[in-house]
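J.: Mind looking over this structure? Questions follow.
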2 protein chains.
Amino acid sequence: MGGDHAPAAAIDGALLSVERGYATREQILLTGSGDAIRAEFANRGESPDGFEIIDAPDSLEGITSPVEAVRKRPNNSVALGVREVQEGRAEAFVSAGNTGLVVATATLNLKCLEGIRRPGIAATIQGEQTPFTVIDVGANPQPKPLHLLHYAIMGSALYHDTFGKDVPRVGLLNIGSEDRKGNPLVREASDLLKQSAPNFEFVGNVEGVDVFHGACDVVVSDGFTGNVLLKVSEGVAEYMMRSFGRLLGEAEVAPEKQQSILSKMLRHVDFSEYGGALLLGVEGFVTICHGRSKGPAICNAINFALKAVGAHVNQHIVAAARSVPAAT
Amino acid sequence: MGGDHAPAAAIDGALLSVERGYATREQILLTGSGDAIRAEFANRGESPDGFEIIDAPDSLEGITSPVEAVRKRPNNSVALGVREVQEGRAEAFVSAGNTGLVVATATLNLKCLEGIRRPGIAATIQGEQTPFTVIDVGANPQPKPLHLLHYAIMGSALYHDTFGKDVPRVGLLNIGSEDRKGNPLVREASDLLKQSAPNFEFVGNVEGVDVFHGACDVVVSDGFTGNVLLKVSEGVAEYMMRSFGRLLGEAEVAPEKQQSILSKMLRHVDFSEYGGALLLGVEGFVTICHGRSKGPAICNAINFALKAVGAHVNQHIVAAARSVPAAT
């Protein structure tokens, strides 16, 4: 029920996942207002048969903060989705709802993976040559150095398992490539990353300008800076897309060429294409989609979450975390 | 002598400033290897007459850190440029040299403005509708909340004086628009910014995606996050320019149209167009240009610095800073 286009986007995404063969109807549970969900199916002239609908009695309408949602509407659609994962009936939960609410609900209810103290959100971005994963993009704005080591381990397990890269290269987001740059957090994290590399290769500091040029596969960051990286990328991309569209029109490029150029470009910079952001470090998988996600983005998120489940990313995280110092 | 194209870019910039009527030859001092500077003039068939050349005996070749430069090559071109400002012979120093070296040399040698404890670097970016100034983009990766208030005052004085906006709107870079988002630094800074607004209007938190859409005129940030904002913008813009260039070619758009579209677009996203980044909070003006700056960017920086000097930005900063709590 979350997101700007709920519940239509979720229904479209679920139907598309089945159509593309990513999942069967029986593999997909839908949480939210049962009436609204059934009405959406009816609108499409589709039967909901096969999909399990879990009716969430508490609506989130009028709720302004995650804390308020958790306290006053405990049976909202996000809570019920997370509960399915917590109680083992679902392996992953995909939501386009409020990020703060999804993260809060998941971290309050799902156990941390063995050896991991704080979850982090991993977002995968299409770079110039290859995709790269940024972790954390907002779960924890004030991590400790050890959490950044855990992010490296988790991001690398995900990157390895979804893109097939043997030993992902991890970069530490910093404001210069020199070793002693930045603040105490990155300096201490850098020392940890140099010593402990069970499932990745540490390539040192990376700057914002380098990450789009393939400087590394996994960018490790505190959640505050990582979130700014993601949002700024989005802001610049939107701005440039609009400017290019206008300039193509002004230059009187043939309309069908304009269309083709812009839609190819959009595929490069649509950061939702890689299937949403995964909250890593908890038991099960939780995917946070952009609020404005429509059916295709939700479908990609379902597919990406299924890949992570099928590749046993969490087991690989736990195995790699065993070989590093205990959390302090 | 700093930057990727030294000393040619600086000479080109100086000559262009004279040609465009921004400055007279007599207003421009050139610091660096006198021989190299004179050779560049000779290459262009130009006389250096009128320009004052200040010969810097210490080259920075082989130097790997600002600390090493300050200790081992005290009479380098950056040190001599800053000295001209320090001793009142110049009002502004423009350099495309290493940012760390320019900032270190300036902050070690120039007094802080009355009421300001820590300088900040202000970079102005072309947004979708209007330009916006981000401060700090790297002088201080670990500021205190009060420093962020000073950044707001300094950025607003600059924005007011250079773009003529009566009461600039200040936004605090954060990871959500809600009031209590982020980390302790931004929460405490937010409280200060709400109470004290001598020369700006505080519009609250802004996110990375909003700043390009005109959410505010001045974006206040710690130097770590602000630097990431700037570098990510640059990275995404470069990546998209290349992708668009390729797609225009593939779509067989007429070459002259391709050229015109790309060069118009470049003007939007060339972040050096607004005249480099100004180190604010010290007596005098110090402009840090991108290392890859060529003549036109240096010329813009000279012009922008002269504007700041002529508009008495520093006096306006001091006047506004008098009305806020003393630095702690």
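Residues are named by chain letter and number: chains run A, B, ... in the order of the structure tokens, numbers start at 1 in each chain, and ligands are numbered from 1 in the order shown.
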Could the residues of chain B within 8 Å of chain A, counting only C-alpha atoms, be given as a PyMOL selection string, please?
T.: chain B and resi 128+138+141-142+174-175+182-183+207-213+224-225+227-237+239-240+243-244+247-248+251+253+257+261+264-265
J.: Could you give me the residues within stretch 20-234 of chain A that DSSP places in alpha helix (DSSP H), as JSON, numbers by chain?
T.: {"A": [34, 35, 36, 37, 38, 39, 40, 41, 42, 43, 66, 67, 68, 69, 70, 71, 72, 77, 78, 79, 80, 81, 82, 83, 84, 85, 86, 99, 100, 101, 102, 103, 104, 105, 106, 107, 108, 109, 145, 146, 147, 148, 149, 150, 151, 152, 153, 154, 155, 156, 157, 158, 159, 160, 161, 162, 163, 184, 185, 186, 187, 188, 189, 190, 191, 192, 193, 194, 195, 223, 224, 225, 226, 227, 228, 229, 230, 231, 232, 233, 234]}
J.: What lies within 12 Å of B:Ala301 using only C-alpha atoms, ignoring chain neighbours under 3 positions off, as a PDB file with N, CA and C atoms, in the first residue's frame?
T.:
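result.pdb, freshly written:
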ATOM      1  N   ALA B   9      47.134  28.198 -18.587  1.00  0.00           N
ATOM      2  CA  ALA B   9      45.742  28.549 -18.288  1.00  0.00           C
ATOM      3  C   ALA B   9      45.662  29.889 -17.554  1.00  0.00           C
ATOM      4  N   ALA B  10      46.585  30.110 -16.603  1.00  0.00           N
ATOM      5  CA  ALA B  10      46.555  31.354 -15.825  1.00  0.00           C
ATOM      6  C   ALA B  10      46.865  32.555 -16.720  1.00  0.00           C
ATOM      7  N   GLY B  13      43.901  33.186 -18.887  1.00  0.00           N
ATOM      8  CA  GLY B  13      42.840  33.782 -18.073  1.00  0.00           C
ATOM      9  C   GLY B  13      43.095  35.253 -17.810  1.00  0.00           C
ATOM     10  N   ALA B  14      44.337  35.578 -17.511  1.00  0.00           N
ATOM     11  CA  ALA B  14      44.686  36.975 -17.230  1.00  0.00           C
ATOM     12  C   ALA B  14      44.483  37.821 -18.485  1.00  0.00           C
ATOM     13  N   LEU B  16      42.580  37.197 -21.035  1.00  0.00           N
ATOM     14  CA  LEU B  16      41.162  37.260 -21.358  1.00  0.00           C
ATOM     15  C   LEU B  16      40.428  38.274 -20.466  1.00  0.00           C
ATOM     16  N   SER B  17      40.819  38.329 -19.203  1.00  0.00           N
ATOM     17  CA  SER B  17      40.211  39.289 -18.272  1.00  0.00           C
ATOM     18  C   SER B  17      40.451  40.718 -18.741  1.00  0.00           C
ATOM     19  N   TYR B  22      37.433  43.161 -17.687  1.00  0.00           N
ATOM     20  CA  TYR B  22      37.180  42.909 -16.271  1.00  0.00           C
ATOM     21  C   TYR B  22      38.241  43.573 -15.400  1.00  0.00           C
ATOM     22  N   ALA B  23      39.478  43.625 -15.928  1.00  0.00           N
ATOM     23  CA  ALA B  23      40.594  44.156 -15.135  1.00  0.00           C
ATOM     24  C   ALA B  23      41.606  44.783 -16.094  1.00  0.00           C
ATOM     25  N   ALA B  92      42.594  39.797  -3.779  1.00  0.00           N
ATOM     26  CA  ALA B  92      42.121  38.434  -4.013  1.00  0.00           C
ATOM     27  C   ALA B  92      43.242  37.609  -4.631  1.00  0.00           C
ATOM     28  N   PHE B  93      43.196  36.299  -4.361  1.00  0.00           N
ATOM     29  CA  PHE B  93      44.152  35.359  -4.947  1.00  0.00           C
ATOM     30  C   PHE B  93      43.352  34.260  -5.627  1.00  0.00           C
ATOM     31  N   VAL B  94      43.652  34.006  -6.889  1.00  0.00           N
ATOM     32  CA  VAL B  94      42.948  32.990  -7.672  1.00  0.00           C
ATOM     33  C   VAL B  94      43.934  31.884  -8.022  1.00  0.00           C
ATOM     34  N   SER B  95      43.594  30.643  -7.727  1.00  0.00           N
ATOM     35  CA  SER B  95      44.525  29.549  -8.017  1.00  0.00           C
ATOM     36  C   SER B  95      43.790  28.312  -8.520  1.00  0.00           C
ATOM     37  N   ALA B  96      44.408  27.613  -9.449  1.00  0.00           N
ATOM     38  CA  ALA B  96      43.884  26.322  -9.877  1.00  0.00           C
ATOM     39  C   ALA B  96      44.761  25.208  -9.300  1.00  0.00           C
ATOM     40  N   ALA B 123      30.906  27.088  -3.220  1.00  0.00           N
ATOM     41  CA  ALA B 123      30.905  26.810  -4.667  1.00  0.00           C
ATOM     42  C   ALA B 123      29.517  27.098  -5.205  1.00  0.00           C
ATOM     43  N   THR B 124      29.461  27.775  -6.324  1.00  0.00           N
ATOM     44  CA  THR B 124      28.162  28.119  -6.899  1.00  0.00           C
ATOM     45  C   THR B 124      27.892  27.243  -8.117  1.00  0.00           C
ATOM     46  N   PHE B 271      30.503  23.377 -13.938  1.00  0.00           N
ATOM     47  CA  PHE B 271      30.417  23.997 -12.629  1.00  0.00           C
ATOM     48  C   PHE B 271      31.544  25.011 -12.394  1.00  0.00           C
ATOM     49  N   SER B 272      32.481  25.097 -13.329  1.00  0.00           N
ATOM     50  CA  SER B 272      33.539  26.098 -13.186  1.00  0.00           C
ATOM     51  C   SER B 272      33.080  27.447 -13.743  1.00  0.00           C
ATOM     52  N   GLU B 273      31.959  27.428 -14.472  1.00  0.00           N
ATOM     53  CA  GLU B 273      31.491  28.659 -15.116  1.00  0.00           C
ATOM     54  C   GLU B 273      31.257  29.798 -14.139  1.00  0.00           C
ATOM     55  N   TYR B 274      30.833  29.436 -12.922  1.00  0.00           N
ATOM     56  CA  TYR B 274      30.525  30.495 -11.976  1.00  0.00           C
ATOM     57  C   TYR B 274      31.725  31.040 -11.231  1.00  0.00           C
ATOM     58  N   GLY B 275      32.911  30.768 -11.743  1.00  0.00           N
ATOM     59  CA  GLY B 275      34.052  31.491 -11.204  1.00  0.00           C
ATOM     60  C   GLY B 275      34.747  30.845 -10.037  1.00  0.00           C
ATOM     61  N   GLY B 276      34.775  29.518 -10.045  1.00  0.00           N
ATOM     62  CA  GLY B 276      35.550  28.851  -9.012  1.00  0.00           C
ATOM     63  C   GLY B 276      34.866  28.896  -7.669  1.00  0.00           C
ATOM     64  N   ALA B 277      35.530  28.298  -6.684  1.00  0.00           N
ATOM     65  CA  ALA B 277      34.977  28.250  -5.334  1.00  0.00           C
ATOM     66  C   ALA B 277      35.725  29.266  -4.486  1.00  0.00           C
ATOM     67  N   LEU B 278      34.980  29.999  -3.660  1.00  0.00           N
ATOM     68  CA  LEU B 278      35.592  31.038  -2.827  1.00  0.00           C
ATOM     69  C   LEU B 278      35.769  30.525  -1.405  1.00  0.00           C
ATOM     70  N   PHE B 285      40.201  37.616  -0.310  1.00  0.00           N
ATOM     71  CA  PHE B 285      39.437  36.584  -1.021  1.00  0.00           C
ATOM     72  C   PHE B 285      40.404  35.578  -1.642  1.00  0.00           C
ATOM     73  N   VAL B 286      40.051  34.326  -1.538  1.00  0.00           N
ATOM     74  CA  VAL B 286      40.866  33.276  -2.143  1.00  0.00           C
ATOM     75  C   VAL B 286      39.931  32.406  -2.967  1.00  0.00           C
ATOM     76  N   THR B 287      40.233  32.272  -4.242  1.00  0.00           N
ATOM     77  CA  THR B 287      39.396  31.472  -5.127  1.00  0.00           C
ATOM     78  C   THR B 287      40.144  30.217  -5.540  1.00  0.00           C
ATOM     79  N   ILE B 288      39.465  29.095  -5.393  1.00  0.00           N
ATOM     80  CA  ILE B 288      40.059  27.817  -5.771  1.00  0.00           C
ATOM     81  C   ILE B 288      39.366  27.359  -7.054  1.00  0.00           C
ATOM     82  N   CYS B 289      40.128  27.270  -8.133  1.00  0.00           N
ATOM     83  CA  CYS B 289      39.555  26.806  -9.393  1.00  0.00           C
ATOM     84  C   CYS B 289      39.812  25.311  -9.542  1.00  0.00           C
ATOM     85  N   HIS B 290      38.983  24.677 -10.314  1.00  0.00           N
ATOM     86  CA  HIS B 290      39.174  23.276 -10.665  1.00  0.00           C
ATOM     87  C   HIS B 290      40.562  23.117 -11.281  1.00  0.00           C
ATOM     88  N   SER B 293      40.940  23.660 -14.978  1.00  0.00           N
ATOM     89  CA  SER B 293      40.497  24.943 -15.544  1.00  0.00           C
ATOM     90  C   SER B 293      41.414  25.413 -16.660  1.00  0.00           C
ATOM     91  N   LYS B 294      40.802  25.941 -17.705  1.00  0.00           N
ATOM     92  CA  LYS B 294      41.571  26.593 -18.759  1.00  0.00           C
ATOM     93  C   LYS B 294      41.301  28.097 -18.674  1.00  0.00           C
ATOM     94  N   GLY B 295      41.823  28.844 -19.667  1.00  0.00           N
ATOM     95  CA  GLY B 295      41.735  30.303 -19.640  1.00  0.00           C
ATOM     96  C   GLY B 295      40.362  30.869 -19.299  1.00  0.00           C
ATOM     97  N   PRO B 296      39.298  30.436 -19.993  1.00  0.00           N
ATOM     98  CA  PRO B 296      37.991  31.034 -19.717  1.00  0.00           C
ATOM     99  C   PRO B 296      37.526  30.841 -18.270  1.00  0.00           C
ATOM    100  N   ALA B 297      37.802  29.675 -17.697  1.00  0.00           N
ATOM    101  CA  ALA B 297      37.401  29.435 -16.305  1.00  0.00           C
ATOM    102  C   ALA B 297      38.207  30.337 -15.364  1.00  0.00           C
ATOM    103  N   ILE B 298      39.490  30.497 -15.637  1.00  0.00           N
ATOM    104  CA  ILE B 298      40.322  31.376 -14.797  1.00  0.00           C
ATOM    105  C   ILE B 298      39.817  32.820 -14.919  1.00  0.00           C
ATOM    106  N   PHE B 304      34.709  36.980 -10.975  1.00  0.00           N
ATOM    107  CA  PHE B 304      33.847  36.713  -9.814  1.00  0.00           C
ATOM    108  C   PHE B 304      34.508  37.228  -8.531  1.00  0.00           C
ATOM    109  N   ALA B 305      35.833  37.032  -8.414  1.00  0.00           N
ATOM    110  CA  ALA B 305      36.559  37.513  -7.230  1.00  0.00           C
ATOM    111  C   ALA B 305      36.509  39.040  -7.180  1.00  0.00           C
ATOM    112  N   LEU B 306      36.677  39.685  -8.328  1.00  0.00           N
ATOM    113  CA  LEU B 306      36.613  41.154  -8.362  1.00  0.00           C
ATOM    114  C   LEU B 306      35.223  41.648  -7.958  1.00  0.00           C
ATOM    115  N   LYS B 307      34.193  40.919  -8.374  1.00  0.00           N
ATOM    116  CA  LYS B 307      32.823  41.266  -7.971  1.00  0.00           C
ATOM    117  C   LYS B 307      32.676  41.199  -6.459  1.00  0.00           C
ATOM    118  N   ALA B 308      33.193  40.105  -5.866  1.00  0.00           N
ATOM    119  CA  ALA B 308      33.088  39.922  -4.414  1.00  0.00           C
ATOM    120  C   ALA B 308      33.833  41.040  -3.688  1.00  0.00           C
TER     121      ALA B 308
END
J.: From stretch 226-305 of chain B, collect each residue whose DSSP state is strand (DSSP E or B) and return the set as a PyMOL selection string.
T.: chain B and resi 277-280+282+285-288
J.: For stretch 24-27 of chain B, find every residue with an atom within 8 Å (counting only C-alpha atoms), except residues of its own chain fewer than 2 positions away, and show them as a tab-separated table (two decimals) with N, CA and C atoms, in the first residue's frame.
T.:
chain	number	residue	atom	x	y	z
B	14	ALA	N	44.34	35.58	-17.51
B	14	ALA	CA	44.69	36.97	-17.23
B	14	ALA	C	44.48	37.82	-18.49
B	15	LEU	N	44.98	37.32	-19.61
B	15	LEU	CA	44.85	38.07	-20.87
B	15	LEU	C	43.37	38.25	-21.25
B	17	SER	N	40.82	38.33	-19.20
B	17	SER	CA	40.21	39.29	-18.27
B	17	SER	C	40.45	40.72	-18.74
B	18	VAL	N	41.66	40.97	-19.27
B	18	VAL	CA	41.99	42.31	-19.77
B	18	VAL	C	41.18	42.58	-21.04
B	21	GLY	N	37.75	43.43	-20.44
B	21	GLY	CA	37.53	44.64	-19.66
B	21	GLY	C	37.21	44.41	-18.19
B	22	TYR	N	37.43	43.16	-17.69
B	22	TYR	CA	37.18	42.91	-16.27
B	22	TYR	C	38.24	43.57	-15.40
B	29	LEU	N	48.47	40.53	-10.71
B	29	LEU	CA	49.80	40.05	-10.32
B	29	LEU	C	49.87	38.57	-10.68
B	49	ASP	N	54.25	43.19	-20.40
B	49	ASP	CA	54.26	44.55	-19.85
B	49	ASP	C	52.94	44.88	-19.15
B	50	GLY	N	53.07	45.50	-18.00
B	50	GLY	CA	51.88	45.91	-17.25
B	50	GLY	C	51.54	44.92	-16.14
B	51	PHE	N	51.62	43.62	-16.43
B	51	PHE	CA	51.39	42.60	-15.40
B	51	PHE	C	52.59	42.58	-14.45
B	52	GLU	N	52.34	42.55	-13.17
B	52	GLU	CA	53.44	42.39	-12.23
B	52	GLU	C	53.71	40.89	-12.04
J.: Residues near B:Lys72, anyone? I mean within 10 Å using only C-alpha atoms, not counting same-chain ones fewer than 4 positions away, as a PyMOL selection string.
T.: chain B and resi 58+60+63+66-68+76
J.: Report the closest atom pair, with its distance in Å rounded to one decimal, for each residue of stretch 58-120 of chain B that has an atom no farther than 9 Å from stretch 310-318 of chain B; count only C-alpha atoms, sort by chain and then rising residue number, and write it as a tab-separated table.
T.:
residue	atom	partner	partner_atom	distance
B:Leu113	CA	B:Val318	CA	6.6
B:Glu114	CA	B:Val318	CA	5.9
B:Gly115	CA	B:Val318	CA	6.5
B:Ile116	CA	B:Val318	CA	7.8
J.: Write to file, as a short mmCIF file (atom, residue, chain, number, x, y, z; two decimals), in the first residue's frame, the residues of the selection just made, with N, CA and C atoms.
T.:
data_model
loop_
_atom_site.label_atom_id
_atom_site.label_comp_id
_atom_site.auth_asym_id
_atom_site.auth_seq_id
_atom_site.Cartn_x
_atom_site.Cartn_y
_atom_site.Cartn_z
N LEU B 113 37.88 36.42 9.59
CA LEU B 113 37.07 37.62 9.72
C LEU B 113 36.54 37.71 11.15
N GLU B 114 36.33 38.91 11.61
CA GLU B 114 35.77 39.13 12.96
C GLU B 114 34.46 38.36 13.10
N GLY B 115 34.35 37.56 14.15
CA GLY B 115 33.10 36.84 14.41
C GLY B 115 33.02 35.48 13.74
N ILE B 116 33.98 35.16 12.88
CA ILE B 116 33.95 33.88 12.17
C ILE B 116 35.10 33.01 12.69
#
J.: Write out as a ChimeraX atom specification each polymer residue whose atoms come within 8 Å of A:Val167, counting only C-alpha atoms; drop sequence neighbours fewer than 4 positions from it.
T.: /A:156,160,199-201
